[in-house]
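Q: Here you go, this is target21.cif (mmCIF, N, CA and C atoms, pLDDT in the B column; chains and numbers go by the auth columns).
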data_coords
loop_
_atom_site.group_PDB
_atom_site.id
_atom_site.type_symbol
_atom_site.label_atom_id
_atom_site.label_comp_id
_atom_site.label_asym_id
_atom_site.label_seq_id
_atom_site.Cartn_x
_atom_site.Cartn_y
_atom_site.Cartn_z
_atom_site.B_iso_or_equiv
_atom_site.auth_seq_id
_atom_site.auth_asym_id
ATOM 1 N N MET A 1 28.333 -164.865 69.309 49.00 1 J
ATOM 2 C CA MET A 1 28.892 -166.106 68.862 49.00 1 J
ATOM 3 C C MET A 1 28.654 -166.224 67.364 49.00 1 J
ATOM 4 N N ILE A 2 29.663 -166.606 66.607 50.00 2 J
ATOM 5 C CA ILE A 2 29.537 -166.822 65.176 50.00 2 J
ATOM 6 C C ILE A 2 29.531 -168.317 64.935 50.00 2 J
ATOM 7 N N LYS A 3 28.519 -168.781 64.226 54.00 3 J
ATOM 8 C CA LYS A 3 28.371 -170.203 63.972 54.00 3 J
ATOM 9 C C LYS A 3 28.282 -170.421 62.473 54.00 3 J
ATOM 10 N N SER A 4 29.093 -171.294 61.945 53.00 4 J
ATOM 11 C CA SER A 4 29.108 -171.572 60.515 53.00 4 J
ATOM 12 C C SER A 4 28.347 -172.859 60.249 53.00 4 J
ATOM 13 N N ILE A 5 27.432 -172.810 59.298 54.00 5 J
ATOM 14 C CA ILE A 5 26.639 -173.980 58.945 54.00 5 J
ATOM 15 C C ILE A 5 26.725 -174.170 57.438 54.00 5 J
ATOM 16 N N LYS A 6 27.129 -175.350 57.014 55.00 6 J
ATOM 17 C CA LYS A 6 27.166 -175.655 55.587 55.00 6 J
ATOM 18 C C LYS A 6 25.786 -176.100 55.152 55.00 6 J
ATOM 19 N N ILE A 7 25.321 -175.538 54.041 54.00 7 J
ATOM 20 C CA ILE A 7 23.985 -175.873 53.562 54.00 7 J
ATOM 21 C C ILE A 7 24.102 -176.451 52.160 54.00 7 J
ATOM 22 N N ALA A 8 23.576 -177.655 51.992 54.00 8 J
ATOM 23 C CA ALA A 8 23.519 -178.279 50.660 54.00 8 J
ATOM 24 C C ALA A 8 22.055 -178.215 50.237 54.00 8 J
ATOM 25 N N ASN A 9 21.470 -179.334 49.943 51.00 9 J
ATOM 26 C CA ASN A 9 20.044 -179.359 49.611 51.00 9 J
ATOM 27 C C ASN A 9 19.176 -179.256 50.861 51.00 9 J
ATOM 28 N N ILE A 10 19.722 -179.682 51.991 51.00 10 J
ATOM 29 C CA ILE A 10 19.005 -179.565 53.259 51.00 10 J
ATOM 30 C C ILE A 10 19.955 -178.993 54.298 51.00 10 J
ATOM 31 N N ALA A 11 19.423 -178.370 55.285 51.00 11 J
ATOM 32 C CA ALA A 11 20.251 -177.820 56.353 51.00 11 J
ATOM 33 C C ALA A 11 20.821 -178.962 57.175 51.00 11 J
ATOM 34 N N GLU A 12 22.114 -178.894 57.454 57.00 12 J
ATOM 35 C CA GLU A 12 22.757 -179.939 58.242 57.00 12 J
ATOM 36 C C GLU A 12 22.450 -179.782 59.728 57.00 12 J
ATOM 37 N N GLU A 13 22.069 -178.588 60.110 65.00 13 J
ATOM 38 C CA GLU A 13 21.776 -178.308 61.507 65.00 13 J
ATOM 39 C C GLU A 13 20.739 -177.199 61.550 65.00 13 J
ATOM 40 N N ARG A 14 19.813 -177.292 62.447 71.00 14 J
ATOM 41 C CA ARG A 14 18.806 -176.239 62.574 71.00 14 J
ATOM 42 C C ARG A 14 19.429 -175.005 63.209 71.00 14 J
ATOM 43 N N ILE A 15 19.107 -173.865 62.655 73.00 15 J
ATOM 44 C CA ILE A 15 19.598 -172.614 63.205 73.00 15 J
ATOM 45 C C ILE A 15 18.624 -172.169 64.283 73.00 15 J
ATOM 46 N N LYS A 16 19.126 -171.977 65.473 78.00 16 J
ATOM 47 C CA LYS A 16 18.292 -171.558 66.598 78.00 16 J
ATOM 48 C C LYS A 16 18.654 -170.129 66.966 78.00 16 J
ATOM 49 N N PRO A 17 17.693 -169.378 67.490 81.00 17 J
ATOM 50 C CA PRO A 17 17.987 -168.011 67.908 81.00 17 J
ATOM 51 C C PRO A 17 19.073 -167.978 68.983 81.00 17 J
ATOM 52 N N ALA A 18 19.929 -166.984 68.900 80.00 18 J
ATOM 53 C CA ALA A 18 21.000 -166.840 69.887 80.00 18 J
ATOM 54 C C ALA A 18 20.471 -166.283 71.201 80.00 18 J
ATOM 55 N N TYR A 19 19.354 -165.568 71.135 80.00 19 J
ATOM 56 C CA TYR A 19 18.794 -164.923 72.328 80.00 19 J
ATOM 57 C C TYR A 19 17.345 -165.330 72.493 80.00 19 J
ATOM 58 N N GLU A 20 16.883 -165.339 73.734 82.00 20 J
ATOM 59 C CA GLU A 20 15.501 -165.706 74.000 82.00 20 J
ATOM 60 C C GLU A 20 14.585 -164.495 74.092 82.00 20 J
ATOM 61 N N ASN A 21 15.105 -163.354 74.552 89.00 21 J
ATOM 62 C CA ASN A 21 14.278 -162.169 74.761 89.00 21 J
ATOM 63 C C ASN A 21 14.693 -161.042 73.824 89.00 21 J
ATOM 64 N N ASN A 22 13.700 -160.307 73.341 91.00 22 J
ATOM 65 C CA ASN A 22 13.923 -159.147 72.475 91.00 22 J
ATOM 66 C C ASN A 22 14.837 -159.479 71.297 91.00 22 J
ATOM 67 N N ASN A 23 14.633 -160.643 70.726 91.00 23 J
ATOM 68 C CA ASN A 23 15.462 -161.106 69.617 91.00 23 J
ATOM 69 C C ASN A 23 14.999 -160.467 68.306 91.00 23 J
ATOM 70 N N VAL A 24 15.954 -159.913 67.550 91.00 24 J
ATOM 71 C CA VAL A 24 15.676 -159.373 66.222 91.00 24 J
ATOM 72 C C VAL A 24 16.541 -160.164 65.244 91.00 24 J
ATOM 73 N N PRO A 25 15.926 -161.143 64.552 90.00 25 J
ATOM 74 C CA PRO A 25 16.719 -161.925 63.594 90.00 25 J
ATOM 75 C C PRO A 25 16.958 -161.138 62.309 90.00 25 J
ATOM 76 N N ILE A 26 18.187 -161.185 61.821 92.00 26 J
ATOM 77 C CA ILE A 26 18.552 -160.528 60.572 92.00 26 J
ATOM 78 C C ILE A 26 19.315 -161.549 59.746 92.00 26 J
ATOM 79 N N CYS A 27 18.809 -161.839 58.559 91.00 27 J
ATOM 80 C CA CYS A 27 19.443 -162.819 57.689 91.00 27 J
ATOM 81 C C CYS A 27 19.878 -162.128 56.405 91.00 27 J
ATOM 82 N N LEU A 28 21.158 -162.284 56.063 92.00 28 J
ATOM 83 C CA LEU A 28 21.725 -161.675 54.872 92.00 28 J
ATOM 84 C C LEU A 28 22.327 -162.762 53.996 92.00 28 J
ATOM 85 N N PHE A 29 22.332 -162.530 52.695 92.00 29 J
ATOM 86 C CA PHE A 29 23.035 -163.403 51.771 92.00 29 J
ATOM 87 C C PHE A 29 23.969 -162.526 50.971 92.00 29 J
ATOM 88 N N SER A 30 25.223 -162.962 50.822 92.00 30 J
ATOM 89 C CA SER A 30 26.188 -162.107 50.155 92.00 30 J
ATOM 90 C C SER A 30 27.212 -162.914 49.379 92.00 30 J
ATOM 91 N N SER A 31 27.854 -162.224 48.446 92.00 31 J
ATOM 92 C CA SER A 31 29.018 -162.723 47.735 92.00 31 J
ATOM 93 C C SER A 31 30.087 -161.645 47.874 92.00 31 J
ATOM 94 N N ASN A 32 31.216 -161.823 47.250 92.00 32 J
ATOM 95 C CA ASN A 32 32.271 -160.808 47.306 92.00 32 J
ATOM 96 C C ASN A 32 31.762 -159.444 46.854 92.00 32 J
ATOM 97 N N ASP A 33 30.899 -159.441 45.849 93.00 33 J
ATOM 98 C CA ASP A 33 30.406 -158.179 45.300 93.00 33 J
ATOM 99 C C ASP A 33 29.594 -157.369 46.308 93.00 33 J
ATOM 100 N N TYR A 34 28.881 -158.036 47.179 92.00 34 J
ATOM 101 C CA TYR A 34 27.989 -157.346 48.108 92.00 34 J
ATOM 102 C C TYR A 34 28.477 -157.345 49.551 92.00 34 J
ATOM 103 N N ALA A 35 29.609 -157.959 49.830 92.00 35 J
ATOM 104 C CA ALA A 35 30.139 -158.006 51.196 92.00 35 J
ATOM 105 C C ALA A 35 30.323 -156.613 51.803 92.00 35 J
ATOM 106 N N PRO A 36 30.827 -155.623 51.048 93.00 36 J
ATOM 107 C CA PRO A 36 30.955 -154.286 51.649 93.00 36 J
ATOM 108 C C PRO A 36 29.610 -153.713 52.109 93.00 36 J
ATOM 109 N N TYR A 37 28.540 -154.013 51.380 94.00 37 J
ATOM 110 C CA TYR A 37 27.220 -153.506 51.768 94.00 37 J
ATOM 111 C C TYR A 37 26.717 -154.190 53.041 94.00 37 J
ATOM 112 N N CYS A 38 27.054 -155.463 53.202 93.00 38 J
ATOM 113 C CA CYS A 38 26.722 -156.149 54.458 93.00 38 J
ATOM 114 C C CYS A 38 27.445 -155.484 55.616 93.00 38 J
ATOM 115 N N GLY A 39 28.694 -155.114 55.373 93.00 39 J
ATOM 116 C CA GLY A 39 29.460 -154.407 56.402 93.00 39 J
ATOM 117 C C GLY A 39 28.825 -153.083 56.774 93.00 39 J
ATOM 118 N N VAL A 40 28.333 -152.358 55.783 96.00 40 J
ATOM 119 C CA VAL A 40 27.662 -151.081 56.044 96.00 40 J
ATOM 120 C C VAL A 40 26.394 -151.308 56.866 96.00 40 J
ATOM 121 N N LEU A 41 25.633 -152.335 56.508 95.00 41 J
ATOM 122 C CA LEU A 41 24.411 -152.642 57.252 95.00 41 J
ATOM 123 C C LEU A 41 24.722 -152.976 58.710 95.00 41 J
ATOM 124 N N ILE A 42 25.733 -153.806 58.938 94.00 42 J
ATOM 125 C CA ILE A 42 26.098 -154.187 60.304 94.00 42 J
ATOM 126 C C ILE A 42 26.613 -152.975 61.078 94.00 42 J
ATOM 127 N N HIS A 43 27.411 -152.135 60.423 96.00 43 J
ATOM 128 C CA HIS A 43 27.892 -150.913 61.084 96.00 43 J
ATOM 129 C C HIS A 43 26.713 -150.009 61.458 96.00 43 J
ATOM 130 N N SER A 44 25.733 -149.899 60.574 96.00 44 J
ATOM 131 C CA SER A 44 24.550 -149.095 60.857 96.00 44 J
ATOM 132 C C SER A 44 23.780 -149.650 62.061 96.00 44 J
ATOM 133 N N LEU A 45 23.672 -150.978 62.155 94.00 45 J
ATOM 134 C CA LEU A 45 23.014 -151.578 63.321 94.00 45 J
ATOM 135 C C LEU A 45 23.753 -151.234 64.615 94.00 45 J
ATOM 136 N N ILE A 46 25.080 -151.273 64.550 93.00 46 J
ATOM 137 C CA ILE A 46 25.878 -150.953 65.739 93.00 46 J
ATOM 138 C C ILE A 46 25.646 -149.506 66.155 93.00 46 J
ATOM 139 N N GLU A 47 25.611 -148.614 65.182 95.00 47 J
ATOM 140 C CA GLU A 47 25.459 -147.188 65.470 95.00 47 J
ATOM 141 C C GLU A 47 24.032 -146.797 65.846 95.00 47 J
ATOM 142 N N ASN A 48 23.025 -147.463 65.259 96.00 48 J
ATOM 143 C CA ASN A 48 21.642 -147.012 65.403 96.00 48 J
ATOM 144 C C ASN A 48 20.711 -148.000 66.092 96.00 48 J
ATOM 145 N N GLY A 49 21.185 -149.198 66.355 93.00 49 J
ATOM 146 C CA GLY A 49 20.334 -150.205 66.983 93.00 49 J
ATOM 147 C C GLY A 49 20.013 -149.850 68.423 93.00 49 J
ATOM 148 N N SER A 50 18.949 -150.416 68.912 93.00 50 J
ATOM 149 C CA SER A 50 18.534 -150.179 70.292 93.00 50 J
ATOM 150 C C SER A 50 19.263 -151.123 71.236 93.00 50 J
ATOM 151 N N TYR A 51 19.715 -150.594 72.334 92.00 51 J
ATOM 152 C CA TYR A 51 20.359 -151.434 73.345 92.00 51 J
ATOM 153 C C TYR A 51 19.359 -152.394 73.990 92.00 51 J
ATOM 154 N N LYS A 52 18.067 -152.170 73.775 93.00 52 J
ATOM 155 C CA LYS A 52 17.023 -153.026 74.338 93.00 52 J
ATOM 156 C C LYS A 52 16.836 -154.312 73.531 93.00 52 J
ATOM 157 N N ASN A 53 17.361 -154.336 72.299 94.00 53 J
ATOM 158 C CA ASN A 53 17.193 -155.489 71.424 94.00 53 J
ATOM 159 C C ASN A 53 18.467 -156.323 71.349 94.00 53 J
ATOM 160 N N ASN A 54 18.275 -157.593 71.090 93.00 54 J
ATOM 161 C CA ASN A 54 19.375 -158.511 70.812 93.00 54 J
ATOM 162 C C ASN A 54 19.310 -158.839 69.328 93.00 54 J
ATOM 163 N N TYR A 55 20.356 -158.513 68.592 92.00 55 J
ATOM 164 C CA TYR A 55 20.378 -158.723 67.151 92.00 55 J
ATOM 165 C C TYR A 55 21.083 -160.043 66.836 92.00 55 J
ATOM 166 N N ASP A 56 20.361 -160.919 66.200 90.00 56 J
ATOM 167 C CA ASP A 56 20.851 -162.245 65.816 90.00 56 J
ATOM 168 C C ASP A 56 21.108 -162.191 64.315 90.00 56 J
ATOM 169 N N ILE A 57 22.375 -161.997 63.910 90.00 57 J
ATOM 170 C CA ILE A 57 22.721 -161.790 62.510 90.00 57 J
ATOM 171 C C ILE A 57 23.253 -163.088 61.908 90.00 57 J
ATOM 172 N N ILE A 58 22.632 -163.505 60.823 88.00 58 J
ATOM 173 C CA ILE A 58 23.051 -164.697 60.103 88.00 58 J
ATOM 174 C C ILE A 58 23.444 -164.248 58.694 88.00 58 J
ATOM 175 N N ILE A 59 24.656 -164.586 58.271 89.00 59 J
ATOM 176 C CA ILE A 59 25.105 -164.229 56.934 89.00 59 J
ATOM 177 C C ILE A 59 25.358 -165.513 56.155 89.00 59 J
ATOM 178 N N LEU A 60 24.527 -165.734 55.158 88.00 60 J
ATOM 179 C CA LEU A 60 24.734 -166.846 54.235 88.00 60 J
ATOM 180 C C LEU A 60 25.609 -166.292 53.121 88.00 60 J
ATOM 181 N N ASN A 61 26.627 -167.024 52.739 87.00 61 J
ATOM 182 C CA ASN A 61 27.533 -166.460 51.747 87.00 61 J
ATOM 183 C C ASN A 61 27.930 -167.463 50.700 87.00 61 J
ATOM 184 N N ARG A 62 28.380 -166.911 49.597 84.00 62 J
ATOM 185 C CA ARG A 62 28.911 -167.719 48.516 84.00 62 J
ATOM 186 C C ARG A 62 30.171 -167.026 48.009 84.00 62 J
ATOM 187 N N ASN A 63 31.286 -167.686 48.165 84.00 63 J
ATOM 188 C CA ASN A 63 32.559 -167.230 47.625 84.00 63 J
ATOM 189 C C ASN A 63 33.017 -165.877 48.162 84.00 63 J
ATOM 190 N N ILE A 64 32.873 -165.644 49.443 85.00 64 J
ATOM 191 C CA ILE A 64 33.434 -164.429 50.030 85.00 64 J
ATOM 192 C C ILE A 64 34.882 -164.742 50.413 85.00 64 J
ATOM 193 N N SER A 65 35.796 -163.963 49.888 85.00 65 J
ATOM 194 C CA SER A 65 37.207 -164.201 50.173 85.00 65 J
ATOM 195 C C SER A 65 37.555 -163.705 51.569 85.00 65 J
ATOM 196 N N GLU A 66 38.682 -164.173 52.089 81.00 66 J
ATOM 197 C CA GLU A 66 39.127 -163.760 53.412 81.00 66 J
ATOM 198 C C GLU A 66 39.405 -162.293 53.424 81.00 66 J
#
Translate this file's structure into structure tokens.

A:
Amino acid sequence: MIKSIKIANIAEERIKPAYENNNVPICLFSSNDYAPYCGVLIHSLIENGSYKNNYDIIILNRNISE
């Protein structure tokens, strides 16, 4: 599930883990310049991650174009 949260000076909503067991939280921050590297990281997780873990990926972004 992808959840978008707008953040100003305070979080409008608390971010909760997507999974209860074997959760591996991953938080990234990116802009247009670094978006391709985020893609590489996520692709690497897909290829090399353990099926025993649940990966909870949060991407905070600024000005990433469609």

Q: Run DSSP on the backbone and give me the residues of chain J it puts in alpha helix (DSSP H), as a ChimeraX atom specification.

A: /J:35-48

Q: Can you work out which one of J:Tyr19, J:Pro36, J:Ser31, J:Ile42 has the shortest atom-to-atom distance to Asp56 in chain J, counting all atoms listed in the file?

A: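 Of the candidates, the smallest distance to Asp56 in chain J is held by J:Tyr19.
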
Q: Take the PyMOL selection byres (((chain J and resi 64 and name CA) around 6) and name CA), apply it to the structure above, and return the hits as a list of chain:residue names.

A: J:Ser31, J:Asn32, J:Arg62, J:Asn63, J:Ser65

Q: Please evaluate the PyMOL selection byres (((chain J and resi 38 and name CA) around 12) and name CA) against the structure above and give the resulting residues as a PyMOL selection string.

A: chain J and resi 26-37+39-45+57-61+64

Q: Just to be explicit: take each residue in the selection above, keep N, CA and C atoms, and write the result as a PDB file, in the frame of the given file.

A:
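So the final result, stored in part.pdb, reads:
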ATOM      1  N   ILE J  26      18.187-161.185  61.821  1.00 92.00           N
ATOM      2  CA  ILE J  26      18.552-160.528  60.572  1.00 92.00           C
ATOM      3  C   ILE J  26      19.315-161.549  59.746  1.00 92.00           C
ATOM      4  N   CYS J  27      18.809-161.839  58.559  1.00 91.00           N
ATOM      5  CA  CYS J  27      19.443-162.819  57.689  1.00 91.00           C
ATOM      6  C   CYS J  27      19.878-162.128  56.405  1.00 91.00           C
ATOM      7  N   LEU J  28      21.158-162.284  56.063  1.00 92.00           N
ATOM      8  CA  LEU J  28      21.725-161.675  54.872  1.00 92.00           C
ATOM      9  C   LEU J  28      22.327-162.762  53.996  1.00 92.00           C
ATOM     10  N   PHE J  29      22.332-162.530  52.695  1.00 92.00           N
ATOM     11  CA  PHE J  29      23.035-163.403  51.771  1.00 92.00           C
ATOM     12  C   PHE J  29      23.969-162.526  50.971  1.00 92.00           C
ATOM     13  N   SER J  30      25.223-162.962  50.822  1.00 92.00           N
ATOM     14  CA  SER J  30      26.188-162.107  50.155  1.00 92.00           C
ATOM     15  C   SER J  30      27.212-162.914  49.379  1.00 92.00           C
ATOM     16  N   SER J  31      27.854-162.224  48.446  1.00 92.00           N
ATOM     17  CA  SER J  31      29.018-162.723  47.735  1.00 92.00           C
ATOM     18  C   SER J  31      30.087-161.645  47.874  1.00 92.00           C
ATOM     19  N   ASN J  32      31.216-161.823  47.250  1.00 92.00           N
ATOM     20  CA  ASN J  32      32.271-160.808  47.306  1.00 92.00           C
ATOM     21  C   ASN J  32      31.762-159.444  46.854  1.00 92.00           C
ATOM     22  N   ASP J  33      30.899-159.441  45.849  1.00 93.00           N
ATOM     23  CA  ASP J  33      30.406-158.179  45.300  1.00 93.00           C
ATOM     24  C   ASP J  33      29.594-157.369  46.308  1.00 93.00           C
ATOM     25  N   TYR J  34      28.881-158.036  47.179  1.00 92.00           N
ATOM     26  CA  TYR J  34      27.989-157.346  48.108  1.00 92.00           C
ATOM     27  C   TYR J  34      28.477-157.345  49.551  1.00 92.00           C
ATOM     28  N   ALA J  35      29.609-157.959  49.830  1.00 92.00           N
ATOM     29  CA  ALA J  35      30.139-158.006  51.196  1.00 92.00           C
ATOM     30  C   ALA J  35      30.323-156.613  51.803  1.00 92.00           C
ATOM     31  N   PRO J  36      30.827-155.623  51.048  1.00 93.00           N
ATOM     32  CA  PRO J  36      30.955-154.286  51.649  1.00 93.00           C
ATOM     33  C   PRO J  36      29.610-153.713  52.109  1.00 93.00           C
ATOM     34  N   TYR J  37      28.540-154.013  51.380  1.00 94.00           N
ATOM     35  CA  TYR J  37      27.220-153.506  51.768  1.00 94.00           C
ATOM     36  C   TYR J  37      26.717-154.190  53.041  1.00 94.00           C
ATOM     37  N   GLY J  39      28.694-155.114  55.373  1.00 93.00           N
ATOM     38  CA  GLY J  39      29.460-154.407  56.402  1.00 93.00           C
ATOM     39  C   GLY J  39      28.825-153.083  56.774  1.00 93.00           C
ATOM     40  N   VAL J  40      28.333-152.358  55.783  1.00 96.00           N
ATOM     41  CA  VAL J  40      27.662-151.081  56.044  1.00 96.00           C
ATOM     42  C   VAL J  40      26.394-151.308  56.866  1.00 96.00           C
ATOM     43  N   LEU J  41      25.633-152.335  56.508  1.00 95.00           N
ATOM     44  CA  LEU J  41      24.411-152.642  57.252  1.00 95.00           C
ATOM     45  C   LEU J  41      24.722-152.976  58.710  1.00 95.00           C
ATOM     46  N   ILE J  42      25.733-153.806  58.938  1.00 94.00           N
ATOM     47  CA  ILE J  42      26.098-154.187  60.304  1.00 94.00           C
ATOM     48  C   ILE J  42      26.613-152.975  61.078  1.00 94.00           C
ATOM     49  N   HIS J  43      27.411-152.135  60.423  1.00 96.00           N
ATOM     50  CA  HIS J  43      27.892-150.913  61.084  1.00 96.00           C
ATOM     51  C   HIS J  43      26.713-150.009  61.458  1.00 96.00           C
ATOM     52  N   SER J  44      25.733-149.899  60.574  1.00 96.00           N
ATOM     53  CA  SER J  44      24.550-149.095  60.857  1.00 96.00           C
ATOM     54  C   SER J  44      23.780-149.650  62.061  1.00 96.00           C
ATOM     55  N   LEU J  45      23.672-150.978  62.155  1.00 94.00           N
ATOM     56  CA  LEU J  45      23.014-151.578  63.321  1.00 94.00           C
ATOM     57  C   LEU J  45      23.753-151.234  64.615  1.00 94.00           C
ATOM     58  N   ILE J  57      22.375-161.997  63.910  1.00 90.00           N
ATOM     59  CA  ILE J  57      22.721-161.790  62.510  1.00 90.00           C
ATOM     60  C   ILE J  57      23.253-163.088  61.908  1.00 90.00           C
ATOM     61  N   ILE J  58      22.632-163.505  60.823  1.00 88.00           N
ATOM     62  CA  ILE J  58      23.051-164.697  60.103  1.00 88.00           C
ATOM     63  C   ILE J  58      23.444-164.248  58.694  1.00 88.00           C
ATOM     64  N   ILE J  59      24.656-164.586  58.271  1.00 89.00           N
ATOM     65  CA  ILE J  59      25.105-164.229  56.934  1.00 89.00           C
ATOM     66  C   ILE J  59      25.358-165.513  56.155  1.00 89.00           C
ATOM     67  N   LEU J  60      24.527-165.734  55.158  1.00 88.00           N
ATOM     68  CA  LEU J  60      24.734-166.846  54.235  1.00 88.00           C
ATOM     69  C   LEU J  60      25.609-166.292  53.121  1.00 88.00           C
ATOM     70  N   ASN J  61      26.627-167.024  52.739  1.00 87.00           N
ATOM     71  CA  ASN J  61      27.533-166.460  51.747  1.00 87.00           C
ATOM     72  C   ASN J  61      27.930-167.463  50.700  1.00 87.00           C
ATOM     73  N   ILE J  64      32.873-165.644  49.443  1.00 85.00           N
ATOM     74  CA  ILE J  64      33.434-164.429  50.030  1.00 85.00           C
ATOM     75  C   ILE J  64      34.882-164.742  50.413  1.00 85.00           C
TER      76      ILE J  64
END

Q: Box for range 50-53 of chain J: with edges along x, y and z, all listed atoms inside and 6 Å added on each side, what are the centre and edge lengths in Å to one decimal, as JSON?

A:
{"center_x": 18.6, "center_y": -153.3, "center_z": 71.6, "size_x": 15.5, "size_y": 18.1, "size_z": 17.4}

Q: Rounded to one decimal in Å, what is the spacing between CA of Glu66 in chain J and CA of Asn23 in chain J?

A: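 Atom-to-atom, CA of Glu66 in chain J to CA of Asn23 in chain J, that is 28.8 Å.
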
Q: Once you've located range 45-59 of chain J in the structure I gave, write it as an mmCIF file, in the first residue's frame, keeping N, CA, C and O atoms.

A:
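Below is the file that was written, result_7.cif:
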data_model
loop_
_atom_site.group_PDB
_atom_site.id
_atom_site.type_symbol
_atom_site.label_atom_id
_atom_site.label_comp_id
_atom_site.auth_asym_id
_atom_site.auth_seq_id
_atom_site.Cartn_x
_atom_site.Cartn_y
_atom_site.Cartn_z
ATOM 1 N N LEU J 45 16.468 -4.197 -3.508
ATOM 2 C CA LEU J 45 15.701 -4.875 -2.456
ATOM 3 C C LEU J 45 14.845 -6.004 -3.032
ATOM 4 O O LEU J 45 14.741 -7.078 -2.448
ATOM 5 N N ILE J 46 14.238 -5.739 -4.184
ATOM 6 C CA ILE J 46 13.398 -6.761 -4.819
ATOM 7 C C ILE J 46 14.242 -7.970 -5.203
ATOM 8 O O ILE J 46 13.841 -9.119 -4.998
ATOM 9 N N GLU J 47 15.417 -7.716 -5.748
ATOM 10 C CA GLU J 47 16.283 -8.799 -6.216
ATOM 11 C C GLU J 47 16.996 -9.533 -5.082
ATOM 12 O O GLU J 47 17.222 -10.732 -5.175
ATOM 13 N N ASN J 48 17.354 -8.821 -4.002
ATOM 14 C CA ASN J 48 18.219 -9.398 -2.975
ATOM 15 C C ASN J 48 17.593 -9.508 -1.593
ATOM 16 O O ASN J 48 18.209 -10.081 -0.700
ATOM 17 N N GLY J 49 16.414 -8.953 -1.415
ATOM 18 C CA GLY J 49 15.773 -8.991 -0.103
ATOM 19 C C GLY J 49 15.334 -10.396 0.267
ATOM 20 O O GLY J 49 15.163 -11.268 -0.586
ATOM 21 N N SER J 50 15.169 -10.612 1.538
ATOM 22 C CA SER J 50 14.729 -11.913 2.033
ATOM 23 C C SER J 50 13.212 -12.013 1.991
ATOM 24 O O SER J 50 12.507 -11.079 2.376
ATOM 25 N N TYR J 51 12.727 -13.135 1.547
ATOM 26 C CA TYR J 51 11.282 -13.362 1.545
ATOM 27 C C TYR J 51 10.731 -13.462 2.967
ATOM 28 O O TYR J 51 9.531 -13.374 3.191
ATOM 29 N N LYS J 52 11.607 -13.607 3.955
ATOM 30 C CA LYS J 52 11.194 -13.710 5.355
ATOM 31 C C LYS J 52 10.880 -12.342 5.964
ATOM 32 O O LYS J 52 10.266 -12.261 7.010
ATOM 33 N N ASN J 53 11.326 -11.267 5.301
ATOM 34 C CA ASN J 53 11.130 -9.919 5.820
ATOM 35 C C ASN J 53 10.018 -9.190 5.075
ATOM 36 O O ASN J 53 9.759 -9.462 3.913
ATOM 37 N N ASN J 54 9.401 -8.271 5.777
ATOM 38 C CA ASN J 54 8.430 -7.355 5.186
ATOM 39 C C ASN J 54 9.091 -5.986 5.133
ATOM 40 O O ASN J 54 9.464 -5.432 6.168
ATOM 41 N N TYR J 55 9.246 -5.437 3.944
ATOM 42 C CA TYR J 55 9.921 -4.158 3.769
ATOM 43 C C TYR J 55 8.885 -3.036 3.700
ATOM 44 O O TYR J 55 8.011 -3.028 2.846
ATOM 45 N N ASP J 56 8.997 -2.121 4.619
ATOM 46 C CA ASP J 56 8.096 -0.971 4.728
ATOM 47 C C ASP J 56 8.874 0.236 4.217
ATOM 48 O O ASP J 56 9.699 0.795 4.925
ATOM 49 N N ILE J 57 8.647 0.629 2.952
ATOM 50 C CA ILE J 57 9.428 1.679 2.311
ATOM 51 C C ILE J 57 8.653 2.993 2.333
ATOM 52 O O ILE J 57 7.531 3.057 1.860
ATOM 53 N N ILE J 58 9.284 4.014 2.876
ATOM 54 C CA ILE J 58 8.700 5.344 2.928
ATOM 55 C C ILE J 58 9.628 6.267 2.135
ATOM 56 O O ILE J 58 10.828 6.313 2.403
ATOM 57 N N ILE J 59 9.078 6.978 1.157
ATOM 58 C CA ILE J 59 9.877 7.903 0.369
ATOM 59 C C ILE J 59 9.341 9.311 0.598
ATOM 60 O O ILE J 59 8.225 9.628 0.220
#
